[in-house]
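> This is the structure, below, for whatever I ask next.
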Amino acid sequence: MSSTPTDFLHTTVLLNEAVDALVTTPDGIYVDGTYGRGGHSRLLLSRLGEKGRLIAVDRDPQAIVAATSGATRVTDPRFSIHHTSFGQLVPTLAALGVTQVHGLLLDLGVSSPQIDDPARGFSFRFDGPLDMRMDTTRGESAADFLARADERHIAEVIRDYGEERFAIQVAKALVARRASGDPVRTTRQLSDVVARAVKTREPGQDPATRTFQALRIFVNAELEELEQGLKAALQLLMPGGRLAVISFHSLEDRIVKTFIARESKSEVDRRAPFAPPRPTRLKALGRVKPGAAEVQANPRARSAVMRVAERTEVAA
């Protein structure tokens, strides 16, 4: 039986903390850059006044369906949702007549409904087609990438995006299987190949974890998308507006941390030492992790980190 967008439950991570950090004025314009199943959006709407506005985007068609139909439909007139990625926020909002916002939230990574649906191919816990695309209407699936890429490229992806020590061995095994006439097309096939190639396992972690993460990040260009979303935040946030980003692994968090740190410092251009220093465009407001109670109730929250920053008066 095929799944529907409401078949899978999702527990929103850092729900209250994110909304508390984001909302500075109830009548402002806010953006949920990763709608998912609407946990953050619904709480945001409850905090907004009559003149407030919430614009959500998501590149997963199932998230759009969940927000616009059935029992999970959002009917609030202050809300709208758009099928696009947060890397495209500037043109998406411009088409709506919006050039500045009071707050932007990015909840990165993959959601529980995506992980728990075997048809999406995100998890090695279920057997299904090796797809991994967040936007199933476009782009190349993980299986298609593994069917055409050379050994070196596959190894680079697994090493760079999964931080897998045995990336070369995994890539060799995948290419060897492909050469035998039986390329990897399902999550179980990939998991089996990786299990034989990864010689040592981290305690409590499946050997396929890092390879699955790497392919998902690569197929969806997640790190490039994050860079574009952060740049969009600088352009869109009005003075005093807030940026809140929830990350779930070190590669994402490193990008966010570096970005906020760079934009929170006044630096002199070494190529023009007599020019005025570059003004700070952000003020770092802190780092938040889930409490023990949340982690116990939702183990997937244990790796989450939220970083919050505020836009200064300096023009973009």
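A note on labels: chains of the structure tokens are A, B, ... as shown, every chain counts residues from 1, and ligands are counted from 1 in their shown order.
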Determine, counting only C-alpha atoms, which protein, DNA and RNA residues have an atom within 8 Å of an atom of A:Pro290; residues of the same chain fewer than 2 positions away are not included. Present the result as a VMD selection string.

chain A and resid 13 to 14 288 292 294 to 295 301 to 302 304 to 305

> Once you have the residues from the selection above, write them out as a PDB file, in the first residue's frame, restricted to all heavy atoms.


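Contents of the output file out.pdb:
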```
ATOM      1  N   VAL A  13      11.705  19.251  16.709  1.00  0.00           N
ATOM      2  CA  VAL A  13      12.824  19.432  17.627  1.00  0.00           C
ATOM      3  C   VAL A  13      12.974  20.908  17.996  1.00  0.00           C
ATOM      4  O   VAL A  13      12.805  21.784  17.140  1.00  0.00           O
ATOM      5  CB  VAL A  13      14.122  18.889  16.983  1.00  0.00           C
ATOM      6  CG1 VAL A  13      15.335  19.178  17.864  1.00  0.00           C
ATOM      7  CG2 VAL A  13      13.992  17.388  16.733  1.00  0.00           C
ATOM      8  N   LEU A  14      13.270  21.181  19.260  1.00  0.00           N
ATOM      9  CA  LEU A  14      13.482  22.547  19.752  1.00  0.00           C
ATOM     10  C   LEU A  14      12.325  23.463  19.347  1.00  0.00           C
ATOM     11  O   LEU A  14      12.528  24.597  18.903  1.00  0.00           O
ATOM     12  CB  LEU A  14      14.817  23.099  19.232  1.00  0.00           C
ATOM     13  CG  LEU A  14      16.071  22.437  19.826  1.00  0.00           C
ATOM     14  CD1 LEU A  14      17.316  22.849  19.042  1.00  0.00           C
ATOM     15  CD2 LEU A  14      16.246  22.821  21.294  1.00  0.00           C
ATOM     16  N   VAL A 288      21.848  26.738  21.339  1.00  0.00           N
ATOM     17  CA  VAL A 288      20.888  26.019  22.187  1.00  0.00           C
ATOM     18  C   VAL A 288      20.863  24.549  21.789  1.00  0.00           C
ATOM     19  O   VAL A 288      20.834  24.222  20.596  1.00  0.00           O
ATOM     20  CB  VAL A 288      19.465  26.605  22.049  1.00  0.00           C
ATOM     21  CG1 VAL A 288      18.480  25.855  22.945  1.00  0.00           C
ATOM     22  CG2 VAL A 288      19.461  28.097  22.369  1.00  0.00           C
ATOM     23  N   ALA A 292      17.516  17.343  28.469  1.00  0.00           N
ATOM     24  CA  ALA A 292      17.495  15.893  28.700  1.00  0.00           C
ATOM     25  C   ALA A 292      16.106  15.307  28.481  1.00  0.00           C
ATOM     26  O   ALA A 292      15.956  14.202  27.939  1.00  0.00           O
ATOM     27  CB  ALA A 292      17.984  15.590  30.110  1.00  0.00           C
ATOM     28  N   GLU A 294      13.711  16.349  26.451  1.00  0.00           N
ATOM     29  CA  GLU A 294      13.383  16.258  25.028  1.00  0.00           C
ATOM     30  C   GLU A 294      14.124  15.116  24.363  1.00  0.00           C
ATOM     31  O   GLU A 294      13.555  14.374  23.551  1.00  0.00           O
ATOM     32  CB  GLU A 294      13.702  17.573  24.309  1.00  0.00           C
ATOM     33  CG  GLU A 294      13.374  17.512  22.815  1.00  0.00           C
ATOM     34  CD  GLU A 294      13.501  18.837  22.083  1.00  0.00           C
ATOM     35  OE1 GLU A 294      13.906  19.831  22.718  1.00  0.00           O
ATOM     36  OE2 GLU A 294      13.179  18.870  20.880  1.00  0.00           O
ATOM     37  N   VAL A 295      15.392  14.940  24.696  1.00  0.00           N
ATOM     38  CA  VAL A 295      16.179  13.855  24.109  1.00  0.00           C
ATOM     39  C   VAL A 295      15.612  12.498  24.514  1.00  0.00           C
ATOM     40  O   VAL A 295      15.550  11.559  23.711  1.00  0.00           O
ATOM     41  CB  VAL A 295      17.658  13.974  24.521  1.00  0.00           C
ATOM     42  CG1 VAL A 295      18.447  12.747  24.063  1.00  0.00           C
ATOM     43  CG2 VAL A 295      18.270  15.243  23.932  1.00  0.00           C
ATOM     44  N   ALA A 301      16.495  13.918  18.605  1.00  0.00           N
ATOM     45  CA  ALA A 301      16.865  15.298  18.947  1.00  0.00           C
ATOM     46  C   ALA A 301      18.265  15.402  19.525  1.00  0.00           C
ATOM     47  O   ALA A 301      18.798  16.506  19.669  1.00  0.00           O
ATOM     48  CB  ALA A 301      15.867  15.869  19.948  1.00  0.00           C
ATOM     49  N   ARG A 302      18.884  14.276  19.855  1.00  0.00           N
ATOM     50  CA  ARG A 302      20.123  14.328  20.651  1.00  0.00           C
ATOM     51  C   ARG A 302      21.262  15.056  19.944  1.00  0.00           C
ATOM     52  O   ARG A 302      22.127  15.647  20.599  1.00  0.00           O
ATOM     53  CB  ARG A 302      20.570  12.920  21.036  1.00  0.00           C
ATOM     54  CG  ARG A 302      21.007  12.040  19.880  1.00  0.00           C
ATOM     55  CD  ARG A 302      21.353  10.621  20.335  1.00  0.00           C
ATOM     56  NE  ARG A 302      21.744   9.769  19.227  1.00  0.00           N
ATOM     57  CZ  ARG A 302      20.899   9.095  18.461  1.00  0.00           C
ATOM     58  NH1 ARG A 302      19.592   9.192  18.698  1.00  0.00           N
ATOM     59  NH2 ARG A 302      21.332   8.345  17.472  1.00  0.00           N
ATOM     60  N   ALA A 304      20.881  17.606  17.810  1.00  0.00           N
ATOM     61  CA  ALA A 304      20.451  18.920  17.322  1.00  0.00           C
ATOM     62  C   ALA A 304      21.182  20.064  18.010  1.00  0.00           C
ATOM     63  O   ALA A 304      21.466  20.010  19.213  1.00  0.00           O
ATOM     64  CB  ALA A 304      18.949  19.087  17.524  1.00  0.00           C
ATOM     65  N   VAL A 305      21.499  21.089  17.239  1.00  0.00           N
ATOM     66  CA  VAL A 305      22.095  22.329  17.744  1.00  0.00           C
ATOM     67  C   VAL A 305      21.400  23.487  17.040  1.00  0.00           C
ATOM     68  O   VAL A 305      21.297  23.501  15.814  1.00  0.00           O
ATOM     69  CB  VAL A 305      23.606  22.409  17.449  1.00  0.00           C
ATOM     70  CG1 VAL A 305      24.166  23.743  17.932  1.00  0.00           C
ATOM     71  CG2 VAL A 305      24.355  21.255  18.088  1.00  0.00           C
TER      72      VAL A 305
END
```

> Hey, could you make a per-residue contact list for stretch 248-291 of chain A against stretch 94-117 of chain A with 12 Å as the cut-off, showing the nearest pair of atoms and its distance in Å to one decimal, counting only C-alpha atoms, sorted by chain and number, as a tab-separated table?


```
residue	atom	partner	partner_atom	distance
A:Phe248	CA	A:Gly109	CA	6.6
A:His249	CA	A:Gly109	CA	8.5
A:Ser250	CA	A:Gly109	CA	11.6
A:Leu251	CA	A:Gly109	CA	11.0
A:Glu252	CA	A:Leu108	CA	8.0
A:Asp253	CA	A:Leu108	CA	9.7
A:Ile255	CA	A:Leu108	CA	11.9
A:Val256	CA	A:Leu106	CA	10.6
```

> Find the residues of stretch 59-144 of chain A that sit at most 9 Å from stretch 174-197 of chain A; for each, write down the nearest two atoms and how far apart they are in Å, to one decimal. Count only C-alpha atoms. Sort by chain, then by number going up, and give it as JSON lines.


```
{"residue": "A:Pro118", "atom": "CA", "partner": "A:Thr187", "partner_atom": "CA", "distance": 8.7}
{"residue": "A:Gly121", "atom": "CA", "partner": "A:Thr187", "partner_atom": "CA", "distance": 6.1}
{"residue": "A:Phe122", "atom": "CA", "partner": "A:Thr187", "partner_atom": "CA", "distance": 7.8}
{"residue": "A:Ser123", "atom": "CA", "partner": "A:Thr187", "partner_atom": "CA", "distance": 7.0}
{"residue": "A:Phe124", "atom": "CA", "partner": "A:Thr187", "partner_atom": "CA", "distance": 5.6}
{"residue": "A:Arg125", "atom": "CA", "partner": "A:Arg188", "partner_atom": "CA", "distance": 8.1}
{"residue": "A:Phe126", "atom": "CA", "partner": "A:Thr187", "partner_atom": "CA", "distance": 7.2}
{"residue": "A:Asp127", "atom": "CA", "partner": "A:Arg188", "partner_atom": "CA", "distance": 5.1}
{"residue": "A:Gly128", "atom": "CA", "partner": "A:Thr186", "partner_atom": "CA", "distance": 5.4}
{"residue": "A:Pro129", "atom": "CA", "partner": "A:Thr186", "partner_atom": "CA", "distance": 4.4}
{"residue": "A:Leu130", "atom": "CA", "partner": "A:Thr186", "partner_atom": "CA", "distance": 4.5}
{"residue": "A:Asp131", "atom": "CA", "partner": "A:Thr186", "partner_atom": "CA", "distance": 8.2}
{"residue": "A:Ala142", "atom": "CA", "partner": "A:Arg185", "partner_atom": "CA", "distance": 8.5}
{"residue": "A:Ala143", "atom": "CA", "partner": "A:Arg185", "partner_atom": "CA", "distance": 5.3}
{"residue": "A:Asp144", "atom": "CA", "partner": "A:Arg185", "partner_atom": "CA", "distance": 8.2}
```

> Restricting the output to all heavy atoms, write the selected residues as a short mmCIF file (atom, residue, chain, number, x, y, z; two decimals), in the first residue's frame.


```
data_model
loop_
_atom_site.label_atom_id
_atom_site.label_comp_id
_atom_site.auth_asym_id
_atom_site.auth_seq_id
_atom_site.Cartn_x
_atom_site.Cartn_y
_atom_site.Cartn_z
N PRO A 118 9.62 3.97 3.54
CA PRO A 118 10.57 3.17 2.76
C PRO A 118 10.68 3.60 1.31
O PRO A 118 11.75 3.45 0.69
CB PRO A 118 10.00 1.75 2.88
CG PRO A 118 9.19 1.75 4.13
CD PRO A 118 8.60 3.13 4.21
N GLY A 121 13.65 6.10 0.47
CA GLY A 121 15.02 5.59 0.38
C GLY A 121 16.03 6.27 1.27
O GLY A 121 17.23 6.20 1.02
N PHE A 122 15.57 6.94 2.35
CA PHE A 122 16.50 7.65 3.22
C PHE A 122 17.12 6.77 4.30
O PHE A 122 18.14 7.14 4.87
CB PHE A 122 15.78 8.81 3.92
CG PHE A 122 15.49 9.98 3.02
CD1 PHE A 122 14.20 10.27 2.61
CD2 PHE A 122 16.52 10.80 2.56
CE1 PHE A 122 13.93 11.35 1.79
CE2 PHE A 122 16.26 11.88 1.74
CZ PHE A 122 14.96 12.16 1.35
N SER A 123 16.50 5.64 4.61
CA SER A 123 16.93 4.87 5.78
C SER A 123 17.33 3.45 5.41
O SER A 123 16.68 2.80 4.59
CB SER A 123 15.80 4.83 6.81
OG SER A 123 16.16 4.00 7.91
N PHE A 124 18.37 2.97 6.08
CA PHE A 124 18.79 1.58 5.91
C PHE A 124 17.96 0.64 6.78
O PHE A 124 18.12 -0.57 6.72
CB PHE A 124 20.28 1.42 6.24
CG PHE A 124 20.70 2.09 7.52
CD1 PHE A 124 20.41 1.53 8.76
CD2 PHE A 124 21.39 3.28 7.47
CE1 PHE A 124 20.80 2.16 9.93
CE2 PHE A 124 21.78 3.93 8.65
CZ PHE A 124 21.47 3.36 9.88
N ARG A 125 17.06 1.18 7.59
CA ARG A 125 16.22 0.34 8.44
C ARG A 125 15.09 -0.32 7.67
O ARG A 125 14.47 -1.26 8.14
CB ARG A 125 15.64 1.17 9.60
CG ARG A 125 16.69 1.67 10.58
CD ARG A 125 16.08 2.29 11.81
NE ARG A 125 15.33 3.51 11.51
CZ ARG A 125 14.02 3.65 11.66
NH1 ARG A 125 13.28 2.64 12.06
NH2 ARG A 125 13.43 4.81 11.38
N PHE A 126 14.78 0.22 6.49
CA PHE A 126 13.71 -0.33 5.66
C PHE A 126 14.27 -0.58 4.26
O PHE A 126 15.13 0.15 3.79
CB PHE A 126 12.54 0.65 5.55
CG PHE A 126 12.13 1.29 6.85
CD1 PHE A 126 12.52 2.58 7.17
CD2 PHE A 126 11.35 0.59 7.76
CE1 PHE A 126 12.15 3.18 8.36
CE2 PHE A 126 10.97 1.16 8.96
CZ PHE A 126 11.37 2.46 9.26
N ASP A 127 13.74 -1.60 3.61
CA ASP A 127 14.15 -1.84 2.23
C ASP A 127 13.22 -1.08 1.30
O ASP A 127 12.01 -1.11 1.44
CB ASP A 127 14.11 -3.33 1.91
CG ASP A 127 14.80 -3.64 0.58
OD1 ASP A 127 15.66 -2.83 0.17
OD2 ASP A 127 14.49 -4.67 -0.03
N GLY A 128 13.82 -0.35 0.38
CA GLY A 128 13.05 0.42 -0.58
C GLY A 128 13.95 0.93 -1.67
O GLY A 128 15.18 0.73 -1.63
N PRO A 129 13.39 1.60 -2.67
CA PRO A 129 14.22 2.15 -3.75
C PRO A 129 15.19 3.19 -3.21
O PRO A 129 14.87 3.97 -2.32
CB PRO A 129 13.19 2.80 -4.68
CG PRO A 129 11.97 3.02 -3.83
CD PRO A 129 11.96 1.93 -2.82
N LEU A 130 16.40 3.17 -3.74
CA LEU A 130 17.45 4.08 -3.27
C LEU A 130 17.29 5.43 -3.95
O LEU A 130 18.01 5.78 -4.88
CB LEU A 130 18.83 3.47 -3.56
CG LEU A 130 20.04 4.17 -2.94
CD1 LEU A 130 19.97 4.14 -1.42
CD2 LEU A 130 21.33 3.52 -3.43
N ASP A 131 16.33 6.21 -3.47
CA ASP A 131 16.02 7.49 -4.09
C ASP A 131 16.75 8.63 -3.38
O ASP A 131 17.67 9.23 -3.91
CB ASP A 131 14.51 7.72 -4.06
CG ASP A 131 14.07 8.87 -4.96
OD1 ASP A 131 14.73 9.93 -4.92
OD2 ASP A 131 13.08 8.72 -5.70
N ALA A 142 19.86 8.75 -5.70
CA ALA A 142 21.13 8.19 -5.24
C ALA A 142 21.51 6.97 -6.08
O ALA A 142 22.69 6.78 -6.42
CB ALA A 142 21.04 7.81 -3.76
N ALA A 143 20.52 6.15 -6.43
CA ALA A 143 20.79 4.98 -7.26
C ALA A 143 21.33 5.38 -8.63
O ALA A 143 22.26 4.76 -9.15
CB ALA A 143 19.53 4.14 -7.40
N ASP A 144 20.74 6.42 -9.21
CA ASP A 144 21.21 6.87 -10.53
C ASP A 144 22.63 7.42 -10.45
O ASP A 144 23.43 7.22 -11.36
CB ASP A 144 20.26 7.93 -11.08
CG ASP A 144 18.92 7.34 -11.49
OD1 ASP A 144 18.84 6.12 -11.69
OD2 ASP A 144 17.94 8.11 -11.61
#
```

> Find the residue from A:Gly241, A:Gly52, A:Pro61, A:Gly162 that sits nearest to A:Ala208; use only C-alpha atoms when measuring.

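Distance minimum relative to A:Ala208 lands on A:Gly162.
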
> Could you tell me, as a PyMOL selection string, which residues of stretch 207-308 of chain A DSSP assigns to alpha helix (DSSP H) when given the backbone?

chain A and resi 209-219+222-236+250-263+292-297

> Among stretch 20-254 of chain A, which residues carry a DSSP assignment of strand (DSSP E), reported as a PyMOL selection string?

chain A and resi 29-32+53-58+79-83+101-107+237-247

> Would you kindly return, as a list in words, each protein, DNA or RNA residue with an atom no farther than 10 Å from any atom of A:Asp27, considering only C-alpha atoms and excluding same-chain residues fewer than 5 positions away?

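The contact residues come out as Arg47, Leu48, Gly49, Glu50, Lys51, Gly52, Arg53 and His102 of chain A.
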
> List the spatial neighbours of A:His82 as a list in words - criterion: any atom at most 8 Å away, only C-alpha atoms, same-chain residues fewer than 4 positions off excluded.

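Those residues are Ile55, Ala56, Val57, Asp58 and Ile64 of chain A.
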
> Please dump the current selection as a PDB file, in the first residue's frame; keep C-alpha atoms.


```pdb
ATOM      1  CA  ILE A  55       5.485  32.329   4.592  1.00  0.00           C
ATOM      2  CA  ALA A  56       6.621  28.707   4.469  1.00  0.00           C
ATOM      3  CA  VAL A  57       8.608  26.869   1.818  1.00  0.00           C
ATOM      4  CA  ASP A  58       9.574  23.239   1.340  1.00  0.00           C
ATOM      5  CA  ILE A  64       3.159  20.804   0.400  1.00  0.00           C
TER       6      ILE A  64
END
```

> Would you list the contacts of A:Leu226 as a ChimeraX atom specification, taking every protein, DNA or RNA residue within 10 Å and counting only C-alpha atoms, but skipping same-chain residues closer than 2 positions in sequence?

/A:85-87,106,108,221-224,228-232,245,252,255-256

> Enter the distance from atom CA of A:Ile246 to atom CA of A:Glu164, in Å, rounded to one decimal.

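Rounded to one decimal, the two atoms are 23.1 Å apart.
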
> Would you mind reading off the distance between atom CA of A:Lys283 and atom CA of A:Arg262, one decimal, in Å?

10.2 Å

> For A:Ala18, work out the shell of residues within 8 Å, counting only C-alpha atoms and skipping chain neighbours fewer than 6 positions away, then give it as a list of chain:residue names.

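Counting only the stated atoms, we get A:His40, A:Leu105, A:Ala244, A:Met306.
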
> Write out as a short mmCIF file (atom, residue, chain, number, x, y, z; two decimals) with all heavy atoms, in the first residue's frame each polymer residue whose atoms come within 12 Å of A:Arg42, counting only C-alpha atoms; drop sequence neighbours fewer than 3 positions from it.


```
data_model
loop_
_atom_site.label_atom_id
_atom_site.label_comp_id
_atom_site.auth_asym_id
_atom_site.auth_seq_id
_atom_site.Cartn_x
_atom_site.Cartn_y
_atom_site.Cartn_z
N THR A 12 8.60 17.68 16.34
CA THR A 12 9.41 18.86 16.05
C THR A 12 10.46 19.07 17.13
O THR A 12 10.16 19.07 18.32
CB THR A 12 8.52 20.11 15.95
OG1 THR A 12 7.49 19.85 14.98
CG2 THR A 12 9.32 21.32 15.52
N LEU A 15 11.12 22.96 19.53
CA LEU A 15 9.93 23.68 19.07
C LEU A 15 9.78 25.04 19.75
O LEU A 15 9.79 26.09 19.11
CB LEU A 15 8.69 22.82 19.32
CG LEU A 15 7.33 23.45 19.02
CD1 LEU A 15 7.24 23.87 17.55
CD2 LEU A 15 6.21 22.48 19.36
N ASN A 16 9.64 25.04 21.06
CA ASN A 16 9.43 26.29 21.78
C ASN A 16 10.66 27.18 21.75
O ASN A 16 10.55 28.40 21.63
CB ASN A 16 9.03 26.00 23.23
CG ASN A 16 7.62 25.44 23.33
OD1 ASN A 16 6.64 26.16 23.17
ND2 ASN A 16 7.53 24.14 23.58
N VAL A 19 10.85 29.06 18.32
CA VAL A 19 9.83 30.11 18.16
C VAL A 19 10.08 31.26 19.14
O VAL A 19 9.93 32.44 18.78
CB VAL A 19 8.42 29.52 18.33
CG1 VAL A 19 7.37 30.62 18.28
CG2 VAL A 19 8.16 28.48 17.24
N ASP A 32 9.29 30.28 7.47
CA ASP A 32 9.70 28.92 7.86
C ASP A 32 10.29 28.29 6.61
O ASP A 32 9.56 27.90 5.70
CB ASP A 32 8.49 28.12 8.37
CG ASP A 32 8.89 26.74 8.89
OD1 ASP A 32 10.03 26.31 8.63
OD2 ASP A 32 8.05 26.09 9.55
N TYR A 35 9.30 23.68 6.04
CA TYR A 35 7.99 23.44 6.67
C TYR A 35 7.87 22.05 7.27
O TYR A 35 7.36 21.89 8.38
CB TYR A 35 6.88 23.67 5.64
CG TYR A 35 5.50 23.41 6.19
CD1 TYR A 35 4.85 24.37 6.96
CD2 TYR A 35 4.85 22.20 5.95
CE1 TYR A 35 3.58 24.13 7.48
CE2 TYR A 35 3.58 21.95 6.47
CZ TYR A 35 2.95 22.92 7.23
OH TYR A 35 1.71 22.68 7.74
N GLY A 36 8.31 21.02 6.55
CA GLY A 36 8.21 19.66 7.06
C GLY A 36 6.76 19.24 7.25
O GLY A 36 5.99 19.13 6.30
N ARG A 37 6.37 19.04 8.51
CA ARG A 37 4.96 18.76 8.81
C ARG A 37 4.35 19.87 9.65
O ARG A 37 3.29 19.70 10.25
CB ARG A 37 4.82 17.40 9.50
CG ARG A 37 5.06 16.21 8.59
CD ARG A 37 4.14 16.21 7.37
NE ARG A 37 4.38 15.07 6.50
CZ ARG A 37 5.20 15.07 5.47
NH1 ARG A 37 5.90 16.17 5.19
NH2 ARG A 37 5.34 14.00 4.72
N GLY A 38 5.00 21.03 9.69
CA GLY A 38 4.37 22.23 10.18
C GLY A 38 4.42 22.46 11.68
O GLY A 38 3.70 23.33 12.18
N GLY A 39 5.25 21.74 12.41
CA GLY A 39 5.32 21.93 13.85
C GLY A 39 5.71 23.35 14.24
O GLY A 39 5.01 24.01 15.02
N LEU A 45 2.38 30.63 14.14
CA LEU A 45 1.09 31.27 13.88
C LEU A 45 0.36 31.61 15.18
O LEU A 45 -0.30 32.66 15.27
CB LEU A 45 0.22 30.36 13.00
CG LEU A 45 0.60 30.29 11.52
CD1 LEU A 45 -0.14 29.16 10.82
CD2 LEU A 45 0.33 31.62 10.82
N SER A 46 0.51 30.75 16.18
CA SER A 46 -0.17 31.01 17.46
C SER A 46 0.42 32.21 18.19
O SER A 46 -0.24 32.79 19.05
CB SER A 46 -0.09 29.77 18.35
OG SER A 46 1.20 29.61 18.91
N ARG A 47 1.64 32.59 17.82
CA ARG A 47 2.31 33.73 18.46
C ARG A 47 2.12 35.04 17.69
O ARG A 47 2.50 36.10 18.18
CB ARG A 47 3.81 33.45 18.59
CG ARG A 47 4.17 32.20 19.37
CD ARG A 47 4.10 32.42 20.86
NE ARG A 47 4.53 31.21 21.57
CZ ARG A 47 5.78 30.95 21.92
NH1 ARG A 47 6.73 31.83 21.63
NH2 ARG A 47 6.09 29.84 22.54
N LEU A 48 1.58 34.96 16.49
CA LEU A 48 1.45 36.15 15.66
C LEU A 48 0.13 36.85 15.89
O LEU A 48 -0.87 36.23 16.23
CB LEU A 48 1.59 35.80 14.18
CG LEU A 48 2.91 35.17 13.73
CD1 LEU A 48 2.94 35.02 12.22
CD2 LEU A 48 4.11 35.99 14.22
N LEU A 54 3.03 34.56 7.92
CA LEU A 54 4.01 33.47 7.90
C LEU A 54 4.06 32.88 6.50
O LEU A 54 3.05 32.43 5.96
CB LEU A 54 3.64 32.38 8.90
CG LEU A 54 4.54 31.14 8.90
CD1 LEU A 54 5.99 31.50 9.21
CD2 LEU A 54 4.02 30.09 9.88
N ILE A 55 5.25 32.90 5.92
CA ILE A 55 5.49 32.33 4.59
C ILE A 55 6.35 31.10 4.78
O ILE A 55 7.46 31.18 5.34
CB ILE A 55 6.19 33.33 3.67
CG1 ILE A 55 5.34 34.61 3.54
CG2 ILE A 55 6.45 32.71 2.30
CD1 ILE A 55 6.09 35.78 2.92
N ALA A 56 5.87 29.96 4.34
CA ALA A 56 6.62 28.71 4.47
C ALA A 56 7.03 28.21 3.09
O ALA A 56 6.33 28.44 2.10
CB ALA A 56 5.78 27.65 5.17
N ALA A 67 0.37 20.38 3.97
CA ALA A 67 -0.01 21.72 4.41
C ALA A 67 -1.27 22.25 3.72
O ALA A 67 -1.89 23.19 4.22
CB ALA A 67 1.14 22.69 4.15
N THR A 72 -4.43 17.72 7.91
CA THR A 72 -3.28 18.53 8.32
C THR A 72 -3.22 19.87 7.60
O THR A 72 -2.26 20.63 7.78
CB THR A 72 -1.97 17.76 8.04
OG1 THR A 72 -1.92 17.42 6.65
CG2 THR A 72 -1.90 16.49 8.88
N ARG A 73 -4.23 20.17 6.81
CA ARG A 73 -4.25 21.43 6.05
C ARG A 73 -4.23 22.64 6.99
O ARG A 73 -4.90 22.67 8.01
CB ARG A 73 -5.50 21.48 5.18
CG ARG A 73 -5.62 22.74 4.35
CD ARG A 73 -6.96 22.79 3.64
NE ARG A 73 -7.11 24.02 2.88
CZ ARG A 73 -8.28 24.45 2.41
NH1 ARG A 73 -9.39 23.75 2.62
NH2 ARG A 73 -8.33 25.59 1.73
N VAL A 74 -3.45 23.65 6.61
CA VAL A 74 -3.42 24.91 7.37
C VAL A 74 -4.32 25.90 6.65
O VAL A 74 -4.08 26.26 5.50
CB VAL A 74 -1.98 25.47 7.46
CG1 VAL A 74 -1.97 26.76 8.25
CG2 VAL A 74 -1.04 24.45 8.11
N THR A 75 -5.35 26.35 7.34
CA THR A 75 -6.34 27.24 6.71
C THR A 75 -6.20 28.69 7.15
O THR A 75 -6.97 29.55 6.73
CB THR A 75 -7.76 26.76 7.04
OG1 THR A 75 -7.93 26.72 8.46
CG2 THR A 75 -8.01 25.36 6.47
N ASP A 76 -5.22 28.97 7.99
CA ASP A 76 -5.03 30.33 8.51
C ASP A 76 -4.73 31.29 7.36
O ASP A 76 -3.80 31.07 6.58
CB ASP A 76 -3.87 30.32 9.51
CG ASP A 76 -3.81 31.57 10.36
OD1 ASP A 76 -3.87 32.68 9.79
OD2 ASP A 76 -3.70 31.45 11.59
N ARG A 78 -3.27 34.01 7.35
CA ARG A 78 -1.95 34.66 7.50
C ARG A 78 -0.83 33.78 6.97
O ARG A 78 0.33 34.19 6.96
CB ARG A 78 -1.69 34.98 8.97
CG ARG A 78 -2.72 35.91 9.61
CD ARG A 78 -2.53 35.96 11.12
NE ARG A 78 -2.69 34.63 11.72
CZ ARG A 78 -2.40 34.33 12.98
NH1 ARG A 78 -1.94 35.27 13.78
NH2 ARG A 78 -2.58 33.10 13.43
N PHE A 79 -1.17 32.57 6.52
CA PHE A 79 -0.18 31.56 6.13
C PHE A 79 -0.22 31.28 4.63
O PHE A 79 -1.29 31.22 4.03
CB PHE A 79 -0.47 30.26 6.90
CG PHE A 79 0.37 29.09 6.48
CD1 PHE A 79 1.65 28.92 6.99
CD2 PHE A 79 -0.13 28.15 5.59
CE1 PHE A 79 2.42 27.82 6.61
CE2 PHE A 79 0.64 27.05 5.21
CZ PHE A 79 1.92 26.89 5.73
N SER A 80 0.95 31.08 4.04
CA SER A 80 1.03 30.56 2.68
C SER A 80 2.25 29.66 2.59
O SER A 80 3.22 29.81 3.35
CB SER A 80 1.15 31.70 1.65
OG SER A 80 2.38 32.40 1.80
#
```

> Looking at A:Pro299, A:Gly139, A:Pro26, A:Gly70, which one is nearest to A:Val219, with distances taken over only C-alpha atoms?

A:Gly139

> To one decimal place, how far is atom CA of A:Phe212 from atom CA of A:Glu225 in Å?

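Those two atoms sit 18.5 Å apart.
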